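Asks: See protein32.pdb below, with PDB, N, CA and C atoms.
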MODEL        1
ATOM      1  N   MET A   1      33.300  59.031 -20.338
ATOM      2  CA  MET A   1      33.234  58.227 -19.159
ATOM      3  C   MET A   1      31.879  57.547 -19.028
ATOM      4  N   GLY A   2      30.915  58.009 -19.687
ATOM      5  CA  GLY A   2      29.600  57.410 -19.649
ATOM      6  C   GLY A   2      29.612  56.022 -20.239
ATOM      7  N   THR A   3      30.423  55.776 -21.218
ATOM      8  CA  THR A   3      30.459  54.454 -21.833
ATOM      9  C   THR A   3      31.087  53.434 -20.901
ATOM     10  N   LYS A   4      32.105  53.859 -20.117
ATOM     11  CA  LYS A   4      32.687  52.936 -19.127
ATOM     12  C   LYS A   4      31.644  52.588 -18.068
ATOM     13  N   ALA A   5      30.935  53.571 -17.619
ATOM     14  CA  ALA A   5      29.905  53.343 -16.608
ATOM     15  C   ALA A   5      28.794  52.488 -17.181
ATOM     16  N   ASP A   6      28.437  52.747 -18.415
ATOM     17  CA  ASP A   6      27.399  51.926 -19.054
ATOM     18  C   ASP A   6      27.861  50.476 -19.194
ATOM     19  N   GLY A   7      29.125  50.297 -19.549
ATOM     20  CA  GLY A   7      29.684  48.940 -19.681
ATOM     21  C   GLY A   7      29.711  48.227 -18.333
ATOM     22  N   ALA A   8      30.123  48.943 -17.279
ATOM     23  CA  ALA A   8      30.181  48.364 -15.939
ATOM     24  C   ALA A   8      28.772  48.000 -15.477
ATOM     25  N   LYS A   9      27.858  48.896 -15.782
ATOM     26  CA  LYS A   9      26.470  48.637 -15.394
ATOM     27  C   LYS A   9      25.934  47.406 -16.124
ATOM     28  N   ALA A  10      26.250  47.283 -17.395
ATOM     29  CA  ALA A  10      25.788  46.137 -18.189
ATOM     30  C   ALA A  10      26.407  44.846 -17.658
ATOM     31  N   ARG A  11      27.715  44.909 -17.305
ATOM     32  CA  ARG A  11      28.365  43.710 -16.744
ATOM     33  C   ARG A  11      27.741  43.339 -15.400
ATOM     34  N   ALA A  12      27.485  44.322 -14.572
ATOM     35  CA  ALA A  12      26.877  44.074 -13.262
ATOM     36  C   ALA A  12      25.477  43.489 -13.434
ATOM     37  N   GLU A  13      24.726  44.044 -14.369
ATOM     38  CA  GLU A  13      23.386  43.513 -14.629
ATOM     39  C   GLU A  13      23.468  42.088 -15.165
ATOM     40  N   GLY A  14      24.472  41.825 -15.987
ATOM     41  CA  GLY A  14      24.673  40.468 -16.522
ATOM     42  C   GLY A  14      24.992  39.488 -15.409
ATOM     43  N   ARG A  15      25.902  39.909 -14.493
ATOM     44  CA  ARG A  15      26.244  39.037 -13.363
ATOM     45  C   ARG A  15      25.031  38.821 -12.458
ATOM     46  N   LEU A  16      24.305  39.889 -12.219
ATOM     47  CA  LEU A  16      23.113  39.779 -11.391
ATOM     48  C   LEU A  16      22.101  38.830 -12.035
ATOM     49  N   SER A  17      21.975  38.933 -13.344
ATOM     50  CA  SER A  17      21.069  38.046 -14.064
ATOM     51  C   SER A  17      21.553  36.596 -13.960
ATOM     52  N   ASP A  18      22.893  36.403 -14.072
ATOM     53  CA  ASP A  18      23.447  35.051 -13.941
ATOM     54  C   ASP A  18      23.175  34.485 -12.542
ATOM     55  N   VAL A  19      23.373  35.320 -11.512
ATOM     56  CA  VAL A  19      23.118  34.888 -10.139
ATOM     57  C   VAL A  19      21.633  34.549  -9.976
ATOM     58  N   HIS A  20      20.796  35.430 -10.504
ATOM     59  CA  HIS A  20      19.348  35.194 -10.433
ATOM     60  C   HIS A  20      18.988  33.879 -11.110
ATOM     61  N   ASP A  21      19.530  33.643 -12.287
ATOM     62  CA  ASP A  21      19.248  32.398 -13.013
ATOM     63  C   ASP A  21      19.762  31.184 -12.238
ATOM     64  N   SER A  22      20.947  31.320 -11.639
ATOM     65  CA  SER A  22      21.524  30.234 -10.862
ATOM     66  C   SER A  22      20.650  29.908  -9.644
ATOM     67  N   VAL A  23      20.185  30.943  -8.958
ATOM     68  CA  VAL A  23      19.330  30.749  -7.793
ATOM     69  C   VAL A  23      18.003  30.129  -8.221
ATOM     70  N   GLU A  24      17.442  30.620  -9.292
ATOM     71  CA  GLU A  24      16.186  30.061  -9.805
ATOM     72  C   GLU A  24      16.359  28.591 -10.171
ATOM     73  N   LYS A  25      17.491  28.266 -10.835
ATOM     74  CA  LYS A  25      17.748  26.869 -11.195
ATOM     75  C   LYS A  25      17.888  26.013  -9.936
ATOM     76  N   HIS A  26      18.597  26.530  -8.950
ATOM     77  CA  HIS A  26      18.766  25.784  -7.691
ATOM     78  C   HIS A  26      17.405  25.475  -7.070
ATOM     79  N   PHE A  27      16.545  26.476  -6.949
ATOM     80  CA  PHE A  27      15.234  26.250  -6.334
ATOM     81  C   PHE A  27      14.345  25.369  -7.206
ATOM     82  N   ALA A  28      14.452  25.498  -8.512
ATOM     83  CA  ALA A  28      13.684  24.622  -9.407
ATOM     84  C   ALA A  28      14.147  23.172  -9.239
ATOM     85  N   ASP A  29      15.473  22.977  -9.126
ATOM     86  CA  ASP A  29      16.000  21.631  -8.900
ATOM     87  C   ASP A  29      15.513  21.072  -7.567
ATOM     88  N   ARG A  30      15.503  21.911  -6.539
ATOM     89  CA  ARG A  30      15.041  21.479  -5.221
ATOM     90  C   ARG A  30      13.554  21.111  -5.272
ATOM     91  N   ARG A  31      12.751  21.939  -5.947
ATOM     92  CA  ARG A  31      11.320  21.638  -6.080
ATOM     93  C   ARG A  31      11.124  20.317  -6.825
ATOM     94  N   ALA A  32      11.920  20.107  -7.868
ATOM     95  CA  ALA A  32      11.811  18.860  -8.632
ATOM     96  C   ALA A  32      12.205  17.666  -7.761
ATOM     97  N   ALA A  33      13.270  17.825  -6.953
ATOM     98  CA  ALA A  33      13.698  16.741  -6.073
ATOM     99  C   ALA A  33      12.623  16.429  -5.032
ATOM    100  N   VAL A  34      12.020  17.462  -4.485
ATOM    101  CA  VAL A  34      10.947  17.264  -3.501
ATOM    102  C   VAL A  34       9.760  16.571  -4.161
ATOM    103  N   ALA A  35       9.397  17.008  -5.353
ATOM    104  CA  ALA A  35       8.269  16.389  -6.064
ATOM    105  C   ALA A  35       8.578  14.923  -6.375
ATOM    106  N   GLU A  36       9.822  14.638  -6.775
ATOM    107  CA  GLU A  36      10.203  13.251  -7.061
ATOM    108  C   GLU A  36      10.148  12.406  -5.791
ATOM    109  N   HIS A  37      10.642  12.961  -4.690
ATOM    110  CA  HIS A  37      10.612  12.240  -3.413
ATOM    111  C   HIS A  37       9.165  11.971  -2.993
ATOM    112  N   LYS A  38       8.295  12.972  -3.153
ATOM    113  CA  LYS A  38       6.890  12.796  -2.804
ATOM    114  C   LYS A  38       6.249  11.733  -3.688
ATOM    115  N   ALA A  39       6.579  11.751  -4.973
ATOM    116  CA  ALA A  39       6.029  10.747  -5.888
ATOM    117  C   ALA A  39       6.493   9.347  -5.492
ATOM    118  N   GLU A  40       7.758   9.215  -5.080
ATOM    119  CA  GLU A  40       8.268   7.919  -4.633
ATOM    120  C   GLU A  40       7.535   7.459  -3.376
ATOM    121  N   ARG A  41       7.323   8.398  -2.430
ATOM    122  CA  ARG A  41       6.590   8.051  -1.202
ATOM    123  C   ARG A  41       5.166   7.652  -1.543
ATOM    124  N   ASP A  42       4.534   8.427  -2.445
ATOM    125  CA  ASP A  42       3.158   8.110  -2.845
ATOM    126  C   ASP A  42       3.102   6.739  -3.514
ATOM    127  N   LEU A  43       4.109   6.434  -4.345
ATOM    128  CA  LEU A  43       4.160   5.145  -5.014
ATOM    129  C   LEU A  43       4.321   4.029  -3.991
ATOM    130  N   LYS A  44       5.229   4.210  -3.026
ATOM    131  CA  LYS A  44       5.425   3.189  -1.995
ATOM    132  C   LYS A  44       4.153   2.995  -1.178
ATOM    133  N   LYS A  45       3.491   4.092  -0.844
ATOM    134  CA  LYS A  45       2.245   4.005  -0.084
ATOM    135  C   LYS A  45       1.179   3.268  -0.902
ATOM    136  N   ALA A  46       1.090   3.592  -2.182
ATOM    137  CA  ALA A  46       0.112   2.935  -3.054
ATOM    138  C   ALA A  46       0.434   1.440  -3.181
ATOM    139  N   GLU A  47       1.727   1.104  -3.273
ATOM    140  CA  GLU A  47       2.112  -0.298  -3.365
ATOM    141  C   GLU A  47       1.760  -1.046  -2.077
ATOM    142  N   ARG A  48       1.978  -0.408  -0.911
ATOM    143  CA  ARG A  48       1.608  -1.045   0.357
ATOM    144  C   ARG A  48       0.103  -1.254   0.436
ATOM    145  N   ARG A  49      -0.657  -0.232   0.005
ATOM    146  CA  ARG A  49      -2.123  -0.381   0.017
ATOM    147  C   ARG A  49      -2.557  -1.507  -0.910
ATOM    148  N   ALA A  50      -1.931  -1.602  -2.084
ATOM    149  CA  ALA A  50      -2.270  -2.670  -3.030
ATOM    150  C   ALA A  50      -1.909  -4.032  -2.454
ATOM    151  N   ASP A  51      -0.724  -4.136  -1.813
ATOM    152  CA  ASP A  51      -0.336  -5.403  -1.187
ATOM    153  C   ASP A  51      -1.334  -5.802  -0.116
ATOM    154  N   ASP A  52      -1.726  -4.847   0.714
ATOM    155  CA  ASP A  52      -2.714  -5.125   1.759
ATOM    156  C   ASP A  52      -4.046  -5.549   1.143
ATOM    157  N   ALA A  53      -4.453  -4.841   0.108
ATOM    158  CA  ALA A  53      -5.729  -5.150  -0.544
ATOM    159  C   ALA A  53      -5.686  -6.540  -1.178
ATOM    160  N   GLU A  54      -4.535  -6.921  -1.723
ATOM    161  CA  GLU A  54      -4.414  -8.254  -2.309
ATOM    162  C   GLU A  54      -4.400  -9.331  -1.229
ATOM    163  N   GLN A  55      -3.878  -9.013  -0.065
ATOM    164  CA  GLN A  55      -3.814  -9.989   1.022
ATOM    165  C   GLN A  55      -5.191 -10.254   1.616
ATOM    166  N   ASP A  56      -6.063  -9.250   1.618
ATOM    167  CA  ASP A  56      -7.398  -9.406   2.206
ATOM    168  C   ASP A  56      -8.177 -10.574   1.601
ATOM    169  N   PRO A  57      -8.298 -10.672   0.270
ATOM    170  CA  PRO A  57      -9.047 -11.815  -0.262
ATOM    171  C   PRO A  57      -8.340 -13.144   0.000
ATOM    172  N   ALA A  58      -7.011 -13.143   0.023
ATOM    173  CA  ALA A  58      -6.289 -14.378   0.325
ATOM    174  C   ALA A  58      -6.613 -14.832   1.751
ATOM    175  N   ASP A  59      -6.648 -13.884   2.677
ATOM    176  CA  ASP A  59      -7.008 -14.219   4.059
ATOM    177  C   ASP A  59      -8.452 -14.712   4.137
ATOM    178  N   ALA A  60      -9.351 -14.059   3.402
ATOM    179  CA  ALA A  60     -10.756 -14.468   3.414
ATOM    180  C   ALA A  60     -10.910 -15.878   2.851
ATOM    181  N   ILE A  61     -10.183 -16.177   1.796
ATOM    182  CA  ILE A  61     -10.257 -17.527   1.204
ATOM    183  C   ILE A  61      -9.725 -18.558   2.197
ATOM    184  N   ALA A  62      -8.612 -18.233   2.867
ATOM    185  CA  ALA A  62      -8.063 -19.156   3.870
ATOM    186  C   ALA A  62      -9.072 -19.396   4.980
ATOM    187  N   LEU A  63      -9.759 -18.348   5.409
ATOM    188  CA  LEU A  63     -10.778 -18.492   6.447
ATOM    189  C   LEU A  63     -11.930 -19.370   5.963
ATOM    190  N   VAL A  64     -12.384 -19.137   4.745
ATOM    191  CA  VAL A  64     -13.476 -19.937   4.182
ATOM    192  C   VAL A  64     -13.071 -21.407   4.103
ATOM    193  N   LEU A  65     -11.848 -21.682   3.676
ATOM    194  CA  LEU A  65     -11.392 -23.074   3.585
ATOM    195  C   LEU A  65     -11.328 -23.720   4.970
ATOM    196  N   TYR A  66     -10.887 -22.959   5.963
ATOM    197  CA  TYR A  66     -10.847 -23.471   7.331
ATOM    198  C   TYR A  66     -12.264 -23.790   7.826
ATOM    199  N   VAL A  67     -13.191 -22.852   7.599
ATOM    200  CA  VAL A  67     -14.574 -23.057   8.047
ATOM    201  C   VAL A  67     -15.197 -24.239   7.305
ATOM    202  N   LEU A  68     -14.918 -24.360   6.019
ATOM    203  CA  LEU A  68     -15.437 -25.494   5.250
ATOM    204  C   LEU A  68     -14.893 -26.809   5.803
ATOM    205  N   ASP A  69     -13.615 -26.836   6.134
ATOM    206  CA  ASP A  69     -13.011 -28.029   6.720
ATOM    207  C   ASP A  69     -13.695 -28.382   8.041
ATOM    208  N   GLN A  70     -13.940 -27.368   8.866
ATOM    209  CA  GLN A  70     -14.624 -27.595  10.140
ATOM    210  C   GLN A  70     -16.055 -28.077   9.909
ATOM    211  N   ALA A  71     -16.708 -27.554   8.882
ATOM    212  CA  ALA A  71     -18.074 -27.986   8.562
ATOM    213  C   ALA A  71     -18.078 -29.455   8.142
ATOM    214  N   GLU A  72     -17.071 -29.877   7.383
ATOM    215  CA  GLU A  72     -16.992 -31.286   6.985
ATOM    216  C   GLU A  72     -16.855 -32.188   8.218
ATOM    217  N   TYR A  73     -16.006 -31.772   9.180
ATOM    218  CA  TYR A  73     -15.878 -32.548  10.413
ATOM    219  C   TYR A  73     -17.209 -32.576  11.180
ATOM    220  N   ALA A  74     -17.907 -31.448  11.205
ATOM    221  CA  ALA A  74     -19.192 -31.388  11.915
ATOM    222  C   ALA A  74     -20.207 -32.313  11.253
ATOM    223  N   VAL A  75     -20.216 -32.368   9.928
ATOM    224  CA  VAL A  75     -21.127 -33.276   9.209
ATOM    225  C   VAL A  75     -20.786 -34.721   9.549
ATOM    226  N   ALA A  76     -19.503 -35.051   9.531
ATOM    227  CA  ALA A  76     -19.088 -36.425   9.865
ATOM    228  C   ALA A  76     -19.495 -36.764  11.291
ATOM    229  N   ASP A  77     -19.289 -35.822  12.227
ATOM    230  CA  ASP A  77     -19.704 -36.053  13.618
ATOM    231  C   ASP A  77     -21.215 -36.258  13.710
ATOM    232  N   ALA A  78     -21.972 -35.479  12.966
ATOM    233  CA  ALA A  78     -23.436 -35.598  12.993
ATOM    234  C   ALA A  78     -23.876 -36.945  12.430
ATOM    235  N   VAL A  79     -23.237 -37.377  11.348
ATOM    236  CA  VAL A  79     -23.581 -38.675  10.748
ATOM    237  C   VAL A  79     -23.286 -39.787  11.740
ATOM    238  N   LEU A  80     -22.115 -39.727  12.393
ATOM    239  CA  LEU A  80     -21.773 -40.753  13.380
ATOM    240  C   LEU A  80     -22.724 -40.718  14.576
ATOM    241  N   ALA A  81     -23.066 -39.517  15.025
ATOM    242  CA  ALA A  81     -23.997 -39.391  16.156
ATOM    243  C   ALA A  81     -25.357 -39.962  15.790
ATOM    244  N   ARG A  82     -25.826 -39.685  14.586
ATOM    245  CA  ARG A  82     -27.120 -40.215  14.148
ATOM    246  C   ARG A  82     -27.060 -41.738  14.048
ATOM    247  N   ALA A  83     -25.957 -42.274  13.530
ATOM    248  CA  ALA A  83     -25.818 -43.730  13.421
ATOM    249  C   ALA A  83     -25.826 -44.366  14.811
ATOM    250  N   ASP A  84     -25.123 -43.755  15.771
ATOM    251  CA  ASP A  84     -25.136 -44.265  17.147
ATOM    252  C   ASP A  84     -26.553 -44.231  17.721
ATOM    253  N   ALA A  85     -27.254 -43.125  17.503
ATOM    254  CA  ALA A  85     -28.617 -42.990  18.028
ATOM    255  C   ALA A  85     -29.532 -44.019  17.387
ATOM    256  N   ASP A  86     -29.412 -44.233  16.092
ATOM    257  CA  ASP A  86     -30.244 -45.219  15.397
ATOM    258  C   ASP A  86     -29.944 -46.633  15.892
ATOM    259  N   ASP A  87     -28.645 -46.921  16.116
ATOM    260  CA  ASP A  87     -28.274 -48.240  16.642
ATOM    261  C   ASP A  87     -28.867 -48.466  18.030
ATOM    262  N   LEU A  88     -28.785 -47.430  18.885
ATOM    263  CA  LEU A  88     -29.354 -47.546  20.231
ATOM    264  C   LEU A  88     -30.868 -47.701  20.170
ATOM    265  N   ALA A  89     -31.514 -46.958  19.280
ATOM    266  CA  ALA A  89     -32.971 -47.057  19.142
ATOM    267  C   ALA A  89     -33.368 -48.445  18.664
ATOM    268  N   ALA A  90     -32.573 -49.011  17.778
ATOM    269  CA  ALA A  90     -32.879 -50.350  17.257
ATOM    270  C   ALA A  90     -32.684 -51.416  18.333
ATOM    271  N   SER A  91     -31.739 -51.170  19.245
ATOM    272  CA  SER A  91     -31.509 -52.170  20.300
ATOM    273  C   SER A  91     -32.483 -52.022  21.439
ATOM    274  N   HIS A  92     -33.230 -50.923  21.492
ATOM    275  CA  HIS A  92     -34.255 -50.700  22.515
ATOM    276  C   HIS A  92     -35.561 -50.323  21.808
ATOM    277  N   PRO A  93     -36.267 -51.301  21.255
ATOM    278  CA  PRO A  93     -37.429 -50.997  20.424
ATOM    279  C   PRO A  93     -38.586 -50.334  21.158
ATOM    280  N   GLY A  94     -38.716 -50.445  22.408
ATOM    281  CA  GLY A  94     -39.871 -49.891  23.090
ATOM    282  C   GLY A  94     -39.701 -48.437  23.516
ATOM    283  N   THR A  95     -38.540 -47.823  23.308
ATOM    284  CA  THR A  95     -38.315 -46.426  23.740
ATOM    285  C   THR A  95     -38.400 -45.481  22.567
ATOM    286  N   THR A  96     -38.753 -44.242  22.856
ATOM    287  CA  THR A  96     -38.825 -43.223  21.805
ATOM    288  C   THR A  96     -37.926 -42.067  22.218
ATOM    289  N   GLY A  97     -37.395 -41.349  21.247
ATOM    290  CA  GLY A  97     -36.482 -40.270  21.553
ATOM    291  C   GLY A  97     -37.107 -39.012  21.396
TER     292      GLY A  97
ENDMDL
END
Kindly transcribe the structure held in the file into structure tokens.
Replies:
Amino acid sequence: MGTKADGAKARAEGRLSDVHDSVEKHFADRRAAVAEHKAERDLKKAERRADDAEQDPADAIALVLYVLDQAEYAVADAVLARADADDLAASHPGTTG
């Protein structure tokens, strides 16, 4: 009868080992899924940061172009103002500014 008990014990240990392996595989799969999800989130976050970082110089360039355009208008206004002042000074020779 010892051999029957030994066989039953071996089968039970085998089933227990199978259950243990199945549970371990399940948790390993879950850990892998969580790690993959985290990597995807990290990738999306990194892509958003890169997009933002790429937009910053584009915004700065747009600002510089706007300021340069405004500076050109200011130069033109200054040239016209100086021409007006010179014309007025020429028409009134006895006055000084």
Asks: When you draw a straight line from atom CA of A:Ser22 to atom N of A:Ala39, how long is it in Å?
Replies: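 If I compute the distance from atom CA of A:Ser22 to atom N of A:Ala39, I get 24.5 Å.
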Asks: Interatomic distance between atom CA of A:Asp86 and atom CA of A:Asp69?
Replies: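 Distance reported for this atom pair: 25.8 Å.
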Asks: Can you tell me how far atom C of A:His37 sits from atom N of A:Glu54, in Å to one decimal?
Replies: 23.4 Å
Asks: Please, what is the axis-aligned box for every listed atom of stretch 73-92 of chain A with 3 Å on each side, as centre and edge lengths in Å to one decimal, as lines of an AutoDock Vina configuration file?
Replies:
center_x = -25.7
center_y = -41.8
center_z = 15.8
size_x = 25.7
size_y = 26.8
size_z = 19.3
